[in-house]
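Shown next: target25.pdb, given as PDB, C-alpha atoms.
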```pdb
MODEL        1
ATOM      1  CA  MET A 150      26.983  -7.514  35.874
ATOM      2  CA  SER A 151      24.095  -7.867  33.474
ATOM      3  CA  GLU A 152      24.571  -9.358  30.042
ATOM      4  CA  ILE A 153      23.853  -5.966  28.474
ATOM      5  CA  ARG A 154      26.694  -4.297  30.390
ATOM      6  CA  ASP A 155      29.206  -7.108  29.988
ATOM      7  CA  PRO A 156      30.883  -6.493  26.582
ATOM      8  CA  ALA A 157      32.137 -10.070  26.236
ATOM      9  CA  ARG A 158      28.745 -11.655  26.975
ATOM     10  CA  HIS A 159      27.008  -9.158  24.712
ATOM     11  CA  ARG A 160      29.448  -9.891  21.851
ATOM     12  CA  ASP A 161      28.964 -13.660  22.307
ATOM     13  CA  LYS A 162      25.195 -13.281  22.206
ATOM     14  CA  MET A 163      25.301 -11.077  19.090
ATOM     15  CA  GLN A 164      27.626 -13.551  17.338
ATOM     16  CA  LYS A 165      25.137 -16.373  17.974
ATOM     17  CA  ILE A 166      22.253 -14.248  16.743
ATOM     18  CA  LYS A 167      24.198 -13.331  13.594
ATOM     19  CA  ALA A 168      25.070 -16.970  12.900
ATOM     20  CA  ALA A 169      21.429 -17.990  13.255
ATOM     21  CA  ARG A 170      20.352 -15.071  11.058
ATOM     22  CA  ASP A 171      22.907 -15.968   8.373
ATOM     23  CA  ARG A 172      21.661 -19.576   8.318
ATOM     24  CA  MET A 173      18.080 -18.388   7.930
ATOM     25  CA  MET A 174      18.929 -15.903   5.175
ATOM     26  CA  ALA A 175      20.939 -18.484   3.213
ATOM     27  CA  GLY A 176      17.695 -20.244   2.315
ATOM     28  CA  LYS A 177      15.885 -17.063   1.220
ATOM     29  CA  THR A 178      16.846 -16.778  -2.435
ATOM     30  CA  GLY A 179      13.531 -16.510  -4.283
ATOM     31  CA  GLU A 180      12.234 -13.357  -5.929
ATOM     32  CA  LYS A 181       8.711 -12.467  -7.022
ATOM     33  CA  GLY A 182       6.349  -9.579  -7.438
ATOM     34  CA  LEU A 183       4.362  -9.338  -4.226
ATOM     35  CA  VAL A 184       0.712  -8.661  -3.550
ATOM     36  CA  ILE A 185       0.731  -6.543  -0.383
ATOM     37  CA  VAL A 186      -2.261  -5.521   1.734
ATOM     38  CA  HIS A 187      -2.239  -2.710   4.295
ATOM     39  CA  THR A 188      -5.433  -2.697   6.328
ATOM     40  CA  GLY A 189      -6.763  -2.069   9.828
ATOM     41  CA  ALA A 190      -8.285   0.798  11.775
ATOM     42  CA  GLY A 191      -4.976   2.444  12.602
ATOM     43  CA  LYS A 192      -3.292   5.272  10.728
ATOM     44  CA  GLY A 193      -0.433   4.581   8.327
ATOM     45  CA  LYS A 194      -1.816   2.391   5.555
ATOM     46  CA  SER A 195      -1.501   4.887   2.717
ATOM     47  CA  SER A 196       1.570   6.465   4.303
ATOM     48  CA  SER A 197       3.370   3.126   4.184
ATOM     49  CA  GLY A 198       2.374   2.617   0.565
ATOM     50  CA  PHE A 199       3.725   6.035  -0.403
ATOM     51  CA  GLY A 200       6.913   5.286   1.490
ATOM     52  CA  MET A 201       7.374   2.318  -0.834
ATOM     53  CA  ILE A 202       6.769   4.602  -3.816
ATOM     54  CA  MET A 203       9.673   6.780  -2.587
ATOM     55  CA  ARG A 204      11.870   3.683  -2.406
ATOM     56  CA  CYS A 205      10.935   2.707  -5.951
ATOM     57  CA  ILE A 206      11.835   6.143  -7.270
ATOM     58  CA  ALA A 207      15.171   6.018  -5.439
ATOM     59  CA  HIS A 208      15.915   2.624  -7.003
ATOM     60  CA  GLY A 209      14.957   3.783 -10.487
ATOM     61  CA  MET A 210      11.873   1.547 -10.559
ATOM     62  CA  PRO A 211       9.010   3.018 -12.606
ATOM     63  CA  CYS A 212       5.869   3.048 -10.468
ATOM     64  CA  ALA A 213       2.264   4.190 -10.416
ATOM     65  CA  VAL A 214      -0.496   5.195  -8.025
ATOM     66  CA  VAL A 215      -4.221   4.853  -8.529
ATOM     67  CA  GLN A 216      -5.993   6.673  -5.734
ATOM     68  CA  PHE A 217      -9.549   5.496  -5.103
ATOM     69  CA  ILE A 218     -12.210   7.262  -3.003
ATOM     70  CA  LYS A 219     -10.201  10.319  -1.857
ATOM     71  CA  GLY A 220     -11.009  12.234  -5.007
ATOM     72  CA  ASN A 221     -10.393  15.976  -4.961
ATOM     73  CA  TRP A 222      -8.972  15.994  -1.432
ATOM     74  CA  SER A 223      -5.632  17.777  -1.865
ATOM     75  CA  THR A 224      -2.833  15.631  -0.474
ATOM     76  CA  GLY A 225       0.868  16.264  -0.075
ATOM     77  CA  GLU A 226       1.820  12.982  -1.723
ATOM     78  CA  ARG A 227      -0.171  13.793  -4.850
ATOM     79  CA  ALA A 228       1.345  17.274  -5.177
ATOM     80  CA  PHE A 229       4.841  15.971  -4.484
ATOM     81  CA  LEU A 230       4.724  13.165  -7.017
ATOM     82  CA  ARG A 231       2.944  15.065  -9.762
ATOM     83  CA  GLU A 232       5.108  18.174  -9.452
ATOM     84  CA  ARG A 233       8.508  16.569  -8.897
ATOM     85  CA  PHE A 234       8.399  12.954 -10.085
ATOM     86  CA  ALA A 235       5.788  12.843 -12.833
ATOM     87  CA  GLU A 236       8.126  10.918 -15.143
ATOM     88  CA  GLU A 237       9.030   8.345 -12.513
ATOM     89  CA  CYS A 238       5.536   7.817 -11.099
ATOM     90  CA  THR A 239       2.203   7.918 -12.878
ATOM     91  CA  PHE A 240      -0.491   9.288 -10.540
ATOM     92  CA  ILE A 241      -4.166   8.631 -11.304
ATOM     93  CA  VAL A 242      -7.016  10.004  -9.187
ATOM     94  CA  SER A 243     -10.232   8.026  -9.374
ATOM     95  CA  GLY A 244     -13.156   9.162  -7.283
ATOM     96  CA  GLU A 245     -14.800  12.388  -6.287
ATOM     97  CA  GLY A 246     -14.313  12.217  -2.549
ATOM     98  CA  PHE A 247     -15.230  10.013   0.380
ATOM     99  CA  THR A 248     -18.537   8.193   0.089
ATOM    100  CA  TRP A 249     -20.224  10.423   2.659
ATOM    101  CA  GLU A 250     -19.242  13.441   0.531
ATOM    102  CA  THR A 251     -20.571  12.284  -2.840
ATOM    103  CA  GLN A 252     -23.704  10.579  -1.472
ATOM    104  CA  ASP A 253     -24.190   9.095  -4.927
ATOM    105  CA  ARG A 254     -23.539   5.361  -5.140
ATOM    106  CA  GLU A 255     -23.778   5.138  -8.906
ATOM    107  CA  ARG A 256     -21.186   7.871  -9.381
ATOM    108  CA  ASP A 257     -18.921   6.209  -6.838
ATOM    109  CA  ILE A 258     -19.220   2.887  -8.651
ATOM    110  CA  ALA A 259     -18.478   4.498 -12.008
ATOM    111  CA  ALA A 260     -15.417   6.273 -10.601
ATOM    112  CA  ALA A 261     -14.111   3.103  -8.957
ATOM    113  CA  ARG A 262     -14.665   1.138 -12.161
ATOM    114  CA  ALA A 263     -12.767   3.740 -14.205
ATOM    115  CA  GLY A 264      -9.926   3.642 -11.690
ATOM    116  CA  TRP A 265      -9.771  -0.140 -11.780
ATOM    117  CA  GLU A 266      -9.580  -0.171 -15.590
ATOM    118  CA  LYS A 267      -6.636   2.235 -15.439
ATOM    119  CA  ALA A 268      -5.056   0.179 -12.662
ATOM    120  CA  LYS A 269      -5.219  -2.972 -14.774
ATOM    121  CA  ASP A 270      -3.480  -1.214 -17.663
ATOM    122  CA  LEU A 271      -0.742   0.040 -15.345
ATOM    123  CA  ILE A 272      -0.226  -3.368 -13.730
ATOM    124  CA  ARG A 273      -0.043  -5.056 -17.142
ATOM    125  CA  ASN A 274       2.556  -2.545 -18.337
ATOM    126  CA  PRO A 275       5.907  -4.394 -18.298
ATOM    127  CA  ASP A 276       7.790  -1.136 -17.740
ATOM    128  CA  ILE A 277       6.034  -0.448 -14.414
ATOM    129  CA  ARG A 278       7.409  -2.408 -11.489
ATOM    130  CA  PHE A 279       5.210  -1.233  -8.595
ATOM    131  CA  VAL A 280       1.568  -0.129  -8.438
ATOM    132  CA  LEU A 281      -0.113   1.338  -5.361
ATOM    133  CA  LEU A 282      -3.905   0.969  -5.279
ATOM    134  CA  ASP A 283      -4.621   3.468  -2.536
ATOM    135  CA  GLU A 284      -7.916   2.942  -0.652
ATOM    136  CA  ILE A 285      -9.103   0.234  -3.050
ATOM    137  CA  ASN A 286     -10.158  -1.820  -0.012
ATOM    138  CA  ILE A 287     -12.856   0.778   0.644
ATOM    139  CA  ALA A 288     -14.166   0.398  -2.910
ATOM    140  CA  LEU A 289     -14.196  -3.370  -2.419
ATOM    141  CA  ARG A 290     -15.863  -3.082   0.975
ATOM    142  CA  TYR A 291     -18.793  -1.154  -0.502
ATOM    143  CA  ASP A 292     -19.004  -3.464  -3.533
ATOM    144  CA  TYR A 293     -18.083  -0.713  -5.962
ATOM    145  CA  LEU A 294     -15.796  -3.295  -7.574
ATOM    146  CA  PRO A 295     -16.311  -7.065  -7.872
ATOM    147  CA  LEU A 296     -13.915  -8.735  -5.447
ATOM    148  CA  ASP A 297     -13.745 -11.895  -7.553
ATOM    149  CA  GLU A 298     -12.614  -9.897 -10.581
ATOM    150  CA  VAL A 299      -9.870  -8.111  -8.649
ATOM    151  CA  ILE A 300      -8.577 -11.353  -7.141
ATOM    152  CA  ALA A 301      -8.686 -13.200 -10.466
ATOM    153  CA  PHE A 302      -6.769 -10.407 -12.175
ATOM    154  CA  LEU A 303      -4.059 -10.294  -9.506
ATOM    155  CA  ARG A 304      -3.724 -14.067  -9.573
ATOM    156  CA  GLU A 305      -3.794 -14.579 -13.338
ATOM    157  CA  GLU A 306      -2.679 -11.387 -15.082
ATOM    158  CA  LYS A 307      -0.272  -9.562 -12.768
ATOM    159  CA  PRO A 308       3.230  -9.882 -14.233
ATOM    160  CA  PRO A 309       5.423 -12.165 -12.094
ATOM    161  CA  MET A 310       7.816  -9.427 -10.977
ATOM    162  CA  THR A 311       5.352  -6.566 -10.455
ATOM    163  CA  HIS A 312       4.518  -5.521  -6.897
ATOM    164  CA  VAL A 313       0.959  -4.389  -6.138
ATOM    165  CA  VAL A 314      -0.061  -2.757  -2.846
ATOM    166  CA  LEU A 315      -3.713  -2.457  -1.817
ATOM    167  CA  THR A 316      -4.575  -0.154   1.075
ATOM    168  CA  GLY A 317      -7.672   0.654   3.099
ATOM    169  CA  ARG A 318      -9.650  -0.575   6.071
ATOM    170  CA  ASN A 319     -11.612  -3.796   6.186
ATOM    171  CA  ALA A 320      -9.703  -5.771   3.585
ATOM    172  CA  LYS A 321     -11.773  -8.721   2.431
ATOM    173  CA  PRO A 322     -10.713 -12.150   3.776
ATOM    174  CA  ASP A 323     -10.271 -13.574   0.258
ATOM    175  CA  LEU A 324      -7.899 -10.739  -0.619
ATOM    176  CA  ILE A 325      -5.924 -11.339   2.565
ATOM    177  CA  GLU A 326      -5.696 -15.014   1.649
ATOM    178  CA  LEU A 327      -4.324 -14.155  -1.797
ATOM    179  CA  ALA A 328      -1.750 -11.655  -0.568
ATOM    180  CA  ASP A 329       1.916 -12.451   0.055
ATOM    181  CA  LEU A 330       2.288  -9.793   2.742
ATOM    182  CA  VAL A 331      -0.450  -8.406   4.984
ATOM    183  CA  THR A 332      -0.062  -5.748   7.651
ATOM    184  CA  GLU A 333      -2.859  -4.651   9.965
ATOM    185  CA  MET A 334      -2.490  -1.173  11.438
ATOM    186  CA  THR A 335      -3.877  -1.180  14.977
ATOM    187  CA  LEU A 336      -5.426   1.962  16.424
ATOM    188  CA  ILE A 337      -4.162   2.689  19.932
ATOM    189  CA  LYS A 338      -4.525   6.480  20.158
ATOM    190  CA  HIS A 339      -5.614   9.148  17.684
ATOM    191  CA  PRO A 340      -5.900  12.907  18.290
ATOM    192  CA  PHE A 341      -9.230  12.989  16.427
ATOM    193  CA  ARG A 342     -10.789  11.575  19.596
ATOM    194  CA  ASP A 343      -9.622  14.681  21.422
ATOM    195  CA  GLY A 344     -11.161  17.060  18.899
ATOM    196  CA  ILE A 345      -8.031  17.550  16.772
ATOM    197  CA  LYS A 346      -8.715  17.769  13.045
ATOM    198  CA  ALA A 347      -6.592  16.099  10.352
ATOM    199  CA  GLN A 348      -3.146  17.705  10.364
ATOM    200  CA  GLN A 349      -1.240  18.768   7.275
ATOM    201  CA  GLY A 350       1.873  16.667   6.824
ATOM    202  CA  VAL A 351       0.461  13.908   9.029
ATOM    203  CA  GLU A 352      -2.819  12.894   7.429
ATOM    204  CA  PHE A 353      -2.564  14.648   4.080
TER     205      PHE A 353
ENDMDL
END
```

Please render this file's structure as C-alpha cells.
Amino acid sequence: MSEIRDPARHRDKMQKIKAARDRMMAGKTGEKGLVIVHTGAGKGKSSSGFGMIMRCIAHGMPCAVVQFIKGNWSTGERAFLRERFAEECTFIVSGEGFTWETQDRERDIAAARAGWEKAKDLIRNPDIRFVLLDEINIALRYDYLPLDEVIAFLREEKPPMTHVVLTGRNAKPDLIELADLVTEMTLIKHPFRDGIKAQQGVEF
C-alpha cells in the first residue's frame, strides 16, 4: 500500500512535516513594512496587487492605489473601489493611457511625475498602511521617472510599517535588489495569441 493510502504512514509523515514547520515558524517573529515587486511577462501582476488591497480593506487597513500608464481605460477594480470603498482606499489615476495610445512622451512624463508626487504623499501618510503603485515599472522602464529617486525614497522615507507594491513588466534590477519580496509572473499560455481580445472580469 502506498504511503498516501496508508492512514498511519500518512499521519506520521504529516506530524513530522508539522514539527519541522513549527520549528521554522518559531524563529519568524519580525515585522516590517515590505517593498514588494510583481513583474514578468505573465498575467496577474496588477490582479495580485488588487487582491492585497481587498485583504487590507477586510483587515481595516487604510490603503491607496496610484495607477500609472493605464489612464482612462475603464477597469473593474477602479469602479469597485471608488464606488464601494472610497473611504477605505484612496484611488488615484495618473496617466492618459498606454504609451502607444498617447504617443506623446512629454505628456507621459508629466503624468508619471504627477502620479509619483501623489504616491509619495500617500506613502508618507502615517494613516495609510498599504500603497499599490500599479504599472509604475512601466514608467520606470521608459525613464518617465528617475529610478534612483524612487529607490532612495523607498529606502529612506517609507515609514517602517508601510507596505508598498510596485507592479509592471521589466522591473529594474536595482529595484528588485531593494525589494523584500519579488514575484515574476511567467507567461505560459495567453488567449491573445489565439485572437481573443482582453476579457471583462479577467483583464479589466

Report as a short mmCIF file (atom, residue, chain, number, x, y, z; two decimals) with C-alpha atoms, in the coordinates of the input the residues that result from applying the PyMOL selection byres ((chain A and resi 336) around 10) to the structure here.
```cif
data_model
loop_
_atom_site.label_atom_id
_atom_site.label_comp_id
_atom_site.auth_asym_id
_atom_site.auth_seq_id
_atom_site.Cartn_x
_atom_site.Cartn_y
_atom_site.Cartn_z
CA GLY A 189 -6.76 -2.07 9.83
CA ALA A 190 -8.28 0.80 11.78
CA GLY A 191 -4.98 2.44 12.60
CA LYS A 192 -3.29 5.27 10.73
CA GLY A 193 -0.43 4.58 8.33
CA GLU A 333 -2.86 -4.65 9.96
CA MET A 334 -2.49 -1.17 11.44
CA THR A 335 -3.88 -1.18 14.98
CA ILE A 337 -4.16 2.69 19.93
CA LYS A 338 -4.53 6.48 20.16
CA HIS A 339 -5.61 9.15 17.68
#
```

When you look at Glu298 of chain A with a cut-off of 12 Å (counting all atoms listed in the file), what residues show up, excluding the ones that are within fewer than 6 positions of it in the same chain? I need them as an mmCIF file with C-alpha atoms, in the coordinates of the input.
```cif
data_model
loop_
_atom_site.group_PDB
_atom_site.id
_atom_site.type_symbol
_atom_site.label_atom_id
_atom_site.label_comp_id
_atom_site.auth_asym_id
_atom_site.auth_seq_id
_atom_site.Cartn_x
_atom_site.Cartn_y
_atom_site.Cartn_z
ATOM 1 C CA ARG A 262 -14.665 1.138 -12.161
ATOM 2 C CA TRP A 265 -9.771 -0.140 -11.780
ATOM 3 C CA GLU A 266 -9.580 -0.171 -15.590
ATOM 4 C CA LYS A 269 -5.219 -2.972 -14.774
ATOM 5 C CA LEU A 289 -14.196 -3.370 -2.419
ATOM 6 C CA ASP A 292 -19.004 -3.464 -3.533
ATOM 7 C CA ARG A 304 -3.724 -14.067 -9.573
ATOM 8 C CA GLU A 305 -3.794 -14.579 -13.338
ATOM 9 C CA GLU A 306 -2.679 -11.387 -15.082
ATOM 10 C CA ASP A 323 -10.271 -13.574 0.258
ATOM 11 C CA LEU A 324 -7.899 -10.739 -0.619
#
```

For Gly264 of chain A, which residue out of A:Gln216, A:Thr311, A:Thr239, A:Gln349 is the nearest one, using only C-alpha atoms? A:Gln216

Selected residue, from A:Tyr291, A:Phe199, A:Phe341, A:Phe240, that lies nearest to Ala320 of chain A when counting all atoms listed in the file: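 Using all atoms listed in the file, Ala320 of chain A sits closest to A:Tyr291.
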
Atom CA of Glu180 of chain A and atom CA of Thr332 of chain A, how far apart in Å?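 If I compute the distance from atom CA of Thr332 of chain A to atom CA of Glu180 of chain A, I get 19.8 Å.
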
Top pick for closest residue to Phe279 of chain A, considering A:Glu237, A:Glu352, A:Asp343, A:Asp161 and counting all atoms listed in the file: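 The shortest atom-to-atom distance to Phe279 of chain A comes from A:Glu237.
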
Selection near Ile285 of chain A, 10 Å with only C-alpha atoms, sequence-local residues under 6 positions removed, as number ranges by chain: A: 215-218, 261, 264-265, 293-294, 314-318, 320

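Computed from the coordinates, the atom CA of Ala228 of chain A to atom CA of Ala268 of chain A distance equals 19.7 Å.
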
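Separating atom CA of Arg278 of chain A from atom CA of Glu326 of chain A is a distance of 22.4 Å.
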
Counting all atoms listed in the file, which residues come within 10 Å of (-4.1, -10.7, -8.2), with the point read in the file's coordinates, and could you list them as an NGL selection string? :A and (183-184 or 272 or 297-308 or 313 or 324 or 327-328)

Can you translate the PyMOL selection byres ((chain A and resi 350) around 10) into the concrete residues it hits in this file, as a short mmCIF file (atom, residue, chain, number, x, y, z; two decimals) with C-alpha atoms, keeping the file's coordinate frame?
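Listed below is the output, result-v1.cif:
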```
data_model
loop_
_atom_site.label_atom_id
_atom_site.label_comp_id
_atom_site.auth_asym_id
_atom_site.auth_seq_id
_atom_site.Cartn_x
_atom_site.Cartn_y
_atom_site.Cartn_z
CA THR A 224 -2.83 15.63 -0.47
CA GLY A 225 0.87 16.26 -0.08
CA GLU A 226 1.82 12.98 -1.72
CA ALA A 347 -6.59 16.10 10.35
CA GLN A 348 -3.15 17.70 10.36
CA GLN A 349 -1.24 18.77 7.28
CA VAL A 351 0.46 13.91 9.03
CA GLU A 352 -2.82 12.89 7.43
CA PHE A 353 -2.56 14.65 4.08
#
```

Exactly which residues make up the result of the PyMOL selection byres ((chain A and resi 205) around 12) on this file, given as an mmCIF file with C-alpha atoms, in the coordinates of the input?
```
data_model
loop_
_atom_site.group_PDB
_atom_site.id
_atom_site.type_symbol
_atom_site.label_atom_id
_atom_site.label_comp_id
_atom_site.auth_asym_id
_atom_site.auth_seq_id
_atom_site.Cartn_x
_atom_site.Cartn_y
_atom_site.Cartn_z
ATOM 1 C CA GLY A 198 2.374 2.617 0.565
ATOM 2 C CA PHE A 199 3.725 6.035 -0.403
ATOM 3 C CA GLY A 200 6.913 5.286 1.490
ATOM 4 C CA MET A 201 7.374 2.318 -0.834
ATOM 5 C CA ILE A 202 6.769 4.602 -3.816
ATOM 6 C CA MET A 203 9.673 6.780 -2.587
ATOM 7 C CA ARG A 204 11.870 3.683 -2.406
ATOM 8 C CA ILE A 206 11.835 6.143 -7.270
ATOM 9 C CA ALA A 207 15.171 6.018 -5.439
ATOM 10 C CA HIS A 208 15.915 2.624 -7.003
ATOM 11 C CA GLY A 209 14.957 3.783 -10.487
ATOM 12 C CA MET A 210 11.873 1.547 -10.559
ATOM 13 C CA PRO A 211 9.010 3.018 -12.606
ATOM 14 C CA CYS A 212 5.869 3.048 -10.468
ATOM 15 C CA ALA A 213 2.264 4.190 -10.416
ATOM 16 C CA VAL A 214 -0.496 5.195 -8.025
ATOM 17 C CA PHE A 234 8.399 12.954 -10.085
ATOM 18 C CA GLU A 237 9.030 8.345 -12.513
ATOM 19 C CA CYS A 238 5.536 7.817 -11.099
ATOM 20 C CA ILE A 277 6.034 -0.448 -14.414
ATOM 21 C CA ARG A 278 7.409 -2.408 -11.489
ATOM 22 C CA PHE A 279 5.210 -1.233 -8.595
ATOM 23 C CA VAL A 280 1.568 -0.129 -8.438
ATOM 24 C CA LEU A 281 -0.113 1.338 -5.361
ATOM 25 C CA THR A 311 5.352 -6.566 -10.455
ATOM 26 C CA HIS A 312 4.518 -5.521 -6.897
#
```
